[in-house]
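Asks: Sending over a structure as structure tokens; questions will come in a sec.
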Amino acid sequence: QFSERSIRLSNGVNEDHPNGKGVEKFRTCLADKSGGKLKVQGFWGNALGGDLQATQALRSGTQEMVVTSSSPLIGILPELGVFDLPFLFANEQEADAVLDGSFGKHIDAKLEGAGLVNLAYWENGFRNLTNSRRPVEKWEDFKGLKVRVMQNNVFLDTFKNMGANAVPMAFGEVFTALETKAIDGQENPFVTIDTSKFYEVQKYLSVTRHAYTPFLVLYSKKLWDGLSKDEQAALRECAVVARDEQRKVSRELSQASLNKIKGAGIVVNELNAQEAQRMREQAKPVWEKHAATIGSETVKMMQDELEKIRKK
Amino acid sequence: MTIVVFLASLLGAMALGMPIAFALVVCALALMLWLGNFDSQIVAQNMIIGADNFQLLAVPFFLLAGELMNVGGLSKRIVNFALSCLGHIHGGLGYVAIVAALILAALSGSAAADTAALAAILIPMMRDAGYNLPRSAGLIAAGGIIAPVIPPSIGFIIFGVAANVSISQLFLAGIVPGLMMGISLVVAWAIVSRKDKMQTSPRTTMRERGKAFLDGFFALLMPVLILGGIKWGIVTPTEAAVLAAVYALVIGMFVYRELKPSMLYGVFLTAAKTTAVVMFLVAAALVSAWLITQANIPGEISGLIQPLMGNKTLLMFALMFLVVIVGTALDFSPTVLILTPVLMPIVKQAGIDPVYFGVLFIINNAIGLITPPVGIVLNVVSGVARVPMGAVIRGVNPFLIAQLVVLVLLILIPELVTVPLAWLRGR
Amino acid sequence: MSRIVDWFFKALEALLVLLLASMVVMVFGNVLLRYLFDTGIDVSEELSRYFFVWLTFIGAVVVGRENAHLGVETLVARLGDRGRKLCMILSDLLIIVCCAVFFWGTWQQAEINATNYAPITEISMLWIYGVGFFTSIGLGILALLRILRVLTGTISEHELKAFAGDYSDDAAHALRERLE
Ligand code: NA
Ligand code: NA
């Protein structure tokens, strides 16, 4: 049972981001399953407002879908702060296992309580640090760096805890601020560092992999309840089909971006295992400090889940 | 077809004389009804979020700085300095007006305030020296509109936020075109005033010039602080704005001692009210912008002008022509706010550099301030100089043409914007 | 009654000044702290934004009372008194419609704003978005009162002139000249 519907889907990123491929896959899959009745109208680069604004529009039922990073939504659902915790996942496989497993379902249920139906977790990629001062090889190297970070308490505390000077700034000003050296560095996934051309105005890229905030593929609960069972099933299935495509592209592009950044002459350093472990230890107080606001049950569940995976 | 609904509702509501902010909301309501997705929450949410933006905080701060500058005697000293250097040459007060306009432009973000300050000081002097009054008034009006082109600029801030373009880059990109506008005025003034009979003031000694320079030193230092601060990465535009306000306050109060503590309340109140006017408009424009995007009006327009899409120069000519036409009838910020969401996707699609477009767009909007029938700067000069509106419109013509020539040059040779910008950015 | 209203608006003006002054202190203070002591106050960015929202939407009502919102008067200026009054009523009716939609939207959104907390200060976003109630009611009442003045014939010559863009005898004139 399918009706003619135009689904407005907004994105904070531009269409050349892996999400572009994900949305394309989602669109063709839906067209396939619905006989062309479910159409997806994509909006890119915050054209319909920022992630938080779009998500609020979903909650009020004025827009159907958004693909948003989890971080801007912690004001709506504090539990999402769990994904902002520093050095959460060690690699992509861990992230996939946790997000696609029972922990992902746990968060989905909470989101539904806030008026949001999460169809899948897409990949934003590990966040890494770039700066113009020095390669960051151990946690002491963070000291005194002026770094633009996202505006939320977990990120702010993570960087403060490292001794860095966390500076809030609109994304649109970051390039110029790096260029004029108003700030020393910023932290983002490889793809963003590439597409925003930050590598042109930075000297060092340190593969810190300090955070992994997934993309949520959200549907308005208010509007979801008005869909037929078939439509709901098609949306869920296609979001997952698109997820696999999006993650594949994201990982390929991530590698391609890293190569391009290296080719541009930026100095890239990986953390050695010992220093990575020290950073992980160093970040513990941030976990402890925010466990209560995030919800100790959720944090505990995440820890158990990770332990289970790491034992295998 | 959607475009007809958009234009009819917007123009219809404005024709009734209602505030443009509400006309924009009316336009949004009409678009929602037309698209069949009427929901009052769209209005409420987009309205408030339109003002919830840290970058826009530069607007009240620069407005406050401008108020403090005029009240604190900074503007006056800048004119005095220019006068001591240029007063003695033929038509000297005209050149003084241009130079003072350029310096004031580097201190303040809005044209009308600069024009008012210039006209109040210079028009009486020009009248006494036997200058052709409508022509002098026209020159001052045309000089005043350089303010939003040379940073700081409220126009660049609003455009930068609406178009998601770096305000710092817009600021740096505006400097050279702003100077070109000044030069074009010098040429035009030299031509039109060459046969006029007017008195020149006696040549000043180097000592007197030095004294005028020292007296105005702290005022002249302000552009260095603002531009240098941004250029050398010491501050972001928002921070530069708050520094400018604090600096003007300190200099006006403790160095020039013309700003009395008792005046502060009034100055802050005026800046706050002006902010409310501008920002309420910005907020309402976000509601209509959201629906313009949803309804894909830019797509509809680029479909209509498809033949132009392949030729950047022709497209720029067409867009700039449109802005000139709209600018005759609309004030500066409404034009920026209404046209940005409509034109920006087209500009991007055509592969035109957004910063380059932004500079020309703001110059064009500034020119709109001196084109009749609606040109607030013309009203300001006419009011302050006590010259009839018709005479000011005649007087401004040669200078209006000079600035349109600059605009055409910039369309034909984009490098005039991009090369200096690259140099200023040091790359 | 009108004295109470005047006092009310005087108080609002004082609030606007206070908000703007606090914004200056917070943003300037943060710049100083960052450059002198390599530190900053986390809440200052967020709080100054919220003050800005309040300043804008409380200020919109104050400025609305002074008739100083930007409008295009070219056409209205060509009309006689009857035409101007008609346009005034029509435009005020539309304003009331806009305010009603704004109010209703704020009302419907109250729930989702009340359950969204600011990332740093962690205050409920209803404090920010709720200002829509004040602005929609304030500007709606101003429009309603003006319609009543037109209908009862108590509208002043001066107000009609201002509506048509002739600000020659209006204090708000000075304000408008600072805008562009
Ligand atoms: Na300026
Ligand atoms: Na005009």
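By convention here, the chains of the structure tokens are called A, B, ... in the order presented, each chain's residues are numbered starting at 1, and ligands are numbered starting at 1 in the order presented.
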Find the residues around C:Phe133 up to 10 Å (only C-alpha atoms counted), leave out those fewer than 4 positions away in its own chain, and share them as an MDAnalysis selection string.
Replies: (chainID B and resid 44) or (chainID C and resid 57 99:100 102:107 129 137:138)
Asks: Compile the contact shell of stretch 269-281 of chain B as a PDB file with N, CA, C and O atoms, in the first residue's frame: residues with an atom at most 8 Å away, counting only C-alpha atoms, same-chain residues fewer than 3 positions apart removed.
Replies:
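Output below, filename around_10.pdb:
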```pdb
ATOM      1  N   ILE B  20       7.988  45.787   5.993  1.00  0.00           N
ATOM      2  CA  ILE B  20       8.465  44.741   5.085  1.00  0.00           C
ATOM      3  C   ILE B  20       8.597  43.411   5.820  1.00  0.00           C
ATOM      4  O   ILE B  20       8.364  42.349   5.248  1.00  0.00           O
ATOM      5  N   ALA B  21       8.951  43.489   7.108  1.00  0.00           N
ATOM      6  CA  ALA B  21       9.061  42.247   7.881  1.00  0.00           C
ATOM      7  C   ALA B  21       7.754  41.462   7.792  1.00  0.00           C
ATOM      8  O   ALA B  21       7.745  40.253   7.555  1.00  0.00           O
ATOM      9  N   ALA B  51      17.296  35.000  14.410  1.00  0.00           N
ATOM     10  CA  ALA B  51      18.070  35.947  15.210  1.00  0.00           C
ATOM     11  C   ALA B  51      19.067  35.231  16.113  1.00  0.00           C
ATOM     12  O   ALA B  51      19.930  35.857  16.708  1.00  0.00           O
ATOM     13  N   VAL B  59      26.152  42.938  14.169  1.00  0.00           N
ATOM     14  CA  VAL B  59      25.252  44.021  13.758  1.00  0.00           C
ATOM     15  C   VAL B  59      25.034  45.032  14.898  1.00  0.00           C
ATOM     16  O   VAL B  59      25.334  46.215  14.735  1.00  0.00           O
ATOM     17  N   PRO B  60      24.517  44.587  16.070  1.00  0.00           N
ATOM     18  CA  PRO B  60      24.342  45.586  17.132  1.00  0.00           C
ATOM     19  C   PRO B  60      25.655  46.237  17.546  1.00  0.00           C
ATOM     20  O   PRO B  60      25.677  47.432  17.865  1.00  0.00           O
ATOM     21  N   LEU B  63      26.619  48.852  14.989  1.00  0.00           N
ATOM     22  CA  LEU B  63      25.679  49.979  15.089  1.00  0.00           C
ATOM     23  C   LEU B  63      26.018  50.831  16.310  1.00  0.00           C
ATOM     24  O   LEU B  63      26.031  52.064  16.241  1.00  0.00           O
ATOM     25  N   LEU B  64      26.330  50.165  17.406  1.00  0.00           N
ATOM     26  CA  LEU B  64      26.691  50.870  18.632  1.00  0.00           C
ATOM     27  C   LEU B  64      27.981  51.664  18.420  1.00  0.00           C
ATOM     28  O   LEU B  64      28.081  52.834  18.806  1.00  0.00           O
ATOM     29  N   GLU B  67      27.236  54.839  16.502  1.00  0.00           N
ATOM     30  CA  GLU B  67      26.604  55.840  17.352  1.00  0.00           C
ATOM     31  C   GLU B  67      27.644  56.521  18.237  1.00  0.00           C
ATOM     32  O   GLU B  67      27.681  57.750  18.356  1.00  0.00           O
ATOM     33  N   TYR B 265      23.081  56.107  28.039  1.00  0.00           N
ATOM     34  CA  TYR B 265      21.799  55.423  28.002  1.00  0.00           C
ATOM     35  C   TYR B 265      21.126  55.640  26.643  1.00  0.00           C
ATOM     36  O   TYR B 265      20.682  54.703  25.988  1.00  0.00           O
ATOM     37  N   GLY B 266      21.106  56.901  26.203  1.00  0.00           N
ATOM     38  CA  GLY B 266      20.475  57.234  24.929  1.00  0.00           C
ATOM     39  C   GLY B 266      21.160  56.538  23.762  1.00  0.00           C
ATOM     40  O   GLY B 266      20.500  56.023  22.857  1.00  0.00           O
ATOM     41  N   ALA B 284      12.262  37.738   9.954  1.00  0.00           N
ATOM     42  CA  ALA B 284      11.120  37.482   9.079  1.00  0.00           C
ATOM     43  C   ALA B 284      11.591  36.973   7.717  1.00  0.00           C
ATOM     44  O   ALA B 284      10.953  36.111   7.109  1.00  0.00           O
ATOM     45  N   ALA B 285      12.729  37.484   7.267  1.00  0.00           N
ATOM     46  CA  ALA B 285      13.242  37.061   5.962  1.00  0.00           C
ATOM     47  C   ALA B 285      13.615  35.585   5.982  1.00  0.00           C
ATOM     48  O   ALA B 285      13.562  34.916   4.949  1.00  0.00           O
ATOM     49  N   SER B 333      18.776  46.738   3.274  1.00  0.00           N
ATOM     50  CA  SER B 333      18.688  45.405   3.900  1.00  0.00           C
ATOM     51  C   SER B 333      17.538  44.564   3.353  1.00  0.00           C
ATOM     52  O   SER B 333      17.720  43.365   3.157  1.00  0.00           O
ATOM     53  N   PRO B 334      16.348  45.139   3.104  1.00  0.00           N
ATOM     54  CA  PRO B 334      15.310  44.289   2.504  1.00  0.00           C
ATOM     55  C   PRO B 334      15.744  43.692   1.162  1.00  0.00           C
ATOM     56  O   PRO B 334      15.482  42.506   0.911  1.00  0.00           O
TER      57      PRO B 334
ATOM     58  N   GLU C  13      12.338  49.637  27.427  1.00  0.00           N
ATOM     59  CA  GLU C  13      13.524  50.300  26.876  1.00  0.00           C
ATOM     60  C   GLU C  13      14.730  50.074  27.781  1.00  0.00           C
ATOM     61  O   GLU C  13      15.833  49.784  27.300  1.00  0.00           O
ATOM     62  N   ALA C  14      14.503  50.200  29.068  1.00  0.00           N
ATOM     63  CA  ALA C  14      15.600  49.978  30.014  1.00  0.00           C
ATOM     64  C   ALA C  14      16.121  48.542  29.879  1.00  0.00           C
ATOM     65  O   ALA C  14      17.331  48.291  29.919  1.00  0.00           O
ATOM     66  N   LEU C  16      16.055  46.740  27.169  1.00  0.00           N
ATOM     67  CA  LEU C  16      16.831  46.650  25.930  1.00  0.00           C
ATOM     68  C   LEU C  16      18.265  47.130  26.151  1.00  0.00           C
ATOM     69  O   LEU C  16      19.225  46.507  25.706  1.00  0.00           O
ATOM     70  N   VAL C  17      18.379  48.266  26.857  1.00  0.00           N
ATOM     71  CA  VAL C  17      19.710  48.813  27.130  1.00  0.00           C
ATOM     72  C   VAL C  17      20.527  47.815  27.946  1.00  0.00           C
ATOM     73  O   VAL C  17      21.703  47.557  27.656  1.00  0.00           O
ATOM     74  N   LEU C  20      21.675  44.883  25.717  1.00  0.00           N
ATOM     75  CA  LEU C  20      22.771  45.241  24.814  1.00  0.00           C
ATOM     76  C   LEU C  20      24.075  45.418  25.591  1.00  0.00           C
ATOM     77  O   LEU C  20      25.131  44.927  25.185  1.00  0.00           O
ATOM     78  N   LEU C  55      16.535  40.790  22.768  1.00  0.00           N
ATOM     79  CA  LEU C  55      16.669  42.182  22.332  1.00  0.00           C
ATOM     80  C   LEU C  55      15.881  42.407  21.042  1.00  0.00           C
ATOM     81  O   LEU C  55      15.134  43.373  20.907  1.00  0.00           O
ATOM     82  N   THR C  56      16.043  41.490  20.097  1.00  0.00           N
ATOM     83  CA  THR C  56      15.378  41.632  18.808  1.00  0.00           C
ATOM     84  C   THR C  56      13.859  41.604  18.942  1.00  0.00           C
ATOM     85  O   THR C  56      13.161  42.465  18.406  1.00  0.00           O
ATOM     86  N   PHE C  57      13.352  40.621  19.683  1.00  0.00           N
ATOM     87  CA  PHE C  57      11.901  40.431  19.676  1.00  0.00           C
ATOM     88  C   PHE C  57      11.165  41.289  20.695  1.00  0.00           C
ATOM     89  O   PHE C  57       9.992  41.587  20.500  1.00  0.00           O
ATOM     90  N   ILE C  58      11.836  41.706  21.754  1.00  0.00           N
ATOM     91  CA  ILE C  58      11.216  42.701  22.635  1.00  0.00           C
ATOM     92  C   ILE C  58      11.312  44.056  21.951  1.00  0.00           C
ATOM     93  O   ILE C  58      10.362  44.827  21.912  1.00  0.00           O
ATOM     94  N   GLY C  59      12.492  44.311  21.356  1.00  0.00           N
ATOM     95  CA  GLY C  59      12.706  45.569  20.641  1.00  0.00           C
ATOM     96  C   GLY C  59      11.718  45.745  19.495  1.00  0.00           C
ATOM     97  O   GLY C  59      11.277  46.859  19.221  1.00  0.00           O
ATOM     98  N   ALA C  60      11.339  44.650  18.845  1.00  0.00           N
ATOM     99  CA  ALA C  60      10.416  44.753  17.716  1.00  0.00           C
ATOM    100  C   ALA C  60       9.092  45.385  18.140  1.00  0.00           C
ATOM    101  O   ALA C  60       8.476  46.133  17.377  1.00  0.00           O
ATOM    102  N   VAL C  62       8.704  47.444  20.868  1.00  0.00           N
ATOM    103  CA  VAL C  62       8.990  48.835  21.220  1.00  0.00           C
ATOM    104  C   VAL C  62       9.059  49.698  19.954  1.00  0.00           C
ATOM    105  O   VAL C  62       8.469  50.776  19.874  1.00  0.00           O
ATOM    106  N   VAL C  63       9.768  49.199  18.963  1.00  0.00           N
ATOM    107  CA  VAL C  63       9.946  49.928  17.722  1.00  0.00           C
ATOM    108  C   VAL C  63       8.630  49.981  16.931  1.00  0.00           C
ATOM    109  O   VAL C  63       8.318  50.977  16.295  1.00  0.00           O
ATOM    110  N   ALA C  68       8.437  52.497  13.477  1.00  0.00           N
ATOM    111  CA  ALA C  68       9.745  52.665  12.840  1.00  0.00           C
ATOM    112  C   ALA C  68      10.209  51.446  12.072  1.00  0.00           C
ATOM    113  O   ALA C  68      11.324  51.422  11.576  1.00  0.00           O
ATOM    114  N   HIS C  69       9.352  50.412  11.944  1.00  0.00           N
ATOM    115  CA  HIS C  69       9.760  49.286  11.100  1.00  0.00           C
ATOM    116  C   HIS C  69       9.807  49.738   9.649  1.00  0.00           C
ATOM    117  O   HIS C  69       8.998  50.546   9.216  1.00  0.00           O
ATOM    118  N   LEU C  70      10.788  49.191   8.918  1.00  0.00           N
ATOM    119  CA  LEU C  70      10.966  49.610   7.529  1.00  0.00           C
ATOM    120  C   LEU C  70       9.783  49.189   6.677  1.00  0.00           C
ATOM    121  O   LEU C  70       9.338  48.051   6.723  1.00  0.00           O
ATOM    122  N   LEU C 175      15.554  57.661  13.888  1.00  0.00           N
ATOM    123  CA  LEU C 175      15.905  56.257  14.022  1.00  0.00           C
ATOM    124  C   LEU C 175      16.075  55.610  12.652  1.00  0.00           C
ATOM    125  O   LEU C 175      17.024  54.893  12.376  1.00  0.00           O
ATOM    126  N   ARG C 176      15.138  55.874  11.776  1.00  0.00           N
ATOM    127  CA  ARG C 176      15.175  55.241  10.458  1.00  0.00           C
ATOM    128  C   ARG C 176      16.412  55.638   9.676  1.00  0.00           C
ATOM    129  O   ARG C 176      16.913  54.878   8.867  1.00  0.00           O
ATOM    130  N   ARG C 178      19.280  55.896  10.634  1.00  0.00           N
ATOM    131  CA  ARG C 178      20.503  55.223  11.052  1.00  0.00           C
ATOM    132  C   ARG C 178      20.614  53.834  10.450  1.00  0.00           C
ATOM    133  O   ARG C 178      21.581  53.143  10.641  1.00  0.00           O
ATOM    134  N   LEU C 179      19.578  53.455   9.746  1.00  0.00           N
ATOM    135  CA  LEU C 179      19.485  52.040   9.392  1.00  0.00           C
ATOM    136  C   LEU C 179      20.417  51.558   8.319  1.00  0.00           C
ATOM    137  O   LEU C 179      20.952  50.480   8.395  1.00  0.00           O
TER     138      LEU C 179
END
```
Asks: I'd like to know which residues of stretch 149-287 of chain B are alpha helix (DSSP H) (by DSSP, run on the backbone); could you write them as a ChimeraX atom specification?
Replies: /B:154-163,167-192,206-231,237-250,261-287
Asks: Within 12 Å of chain B, which residues of chain A show up when using only C-alpha atoms, listed as number ranges by chain?
Replies: A: 6-10, 41-50, 52-64, 151, 167-184, 200-201
Asks: Within 12 Å of C:Met26, counting only C-alpha atoms, which residues qualify if same-chain residues fewer than 4 places away don't, as a list of chain:residue names?
Replies: B:Leu57, B:Glu239, B:Val242, B:Leu243, C:Leu19, C:Leu20, C:Ala21, C:Ser22, C:Asn30, C:Val31, C:Leu32, C:Leu33, C:Gly40, C:Ile41, C:Asp42, C:Val43, C:Ser44, C:Glu45, C:Glu46, C:Leu47, C:Ser48, C:Arg49, C:Tyr50, C:Phe51, C:Phe52
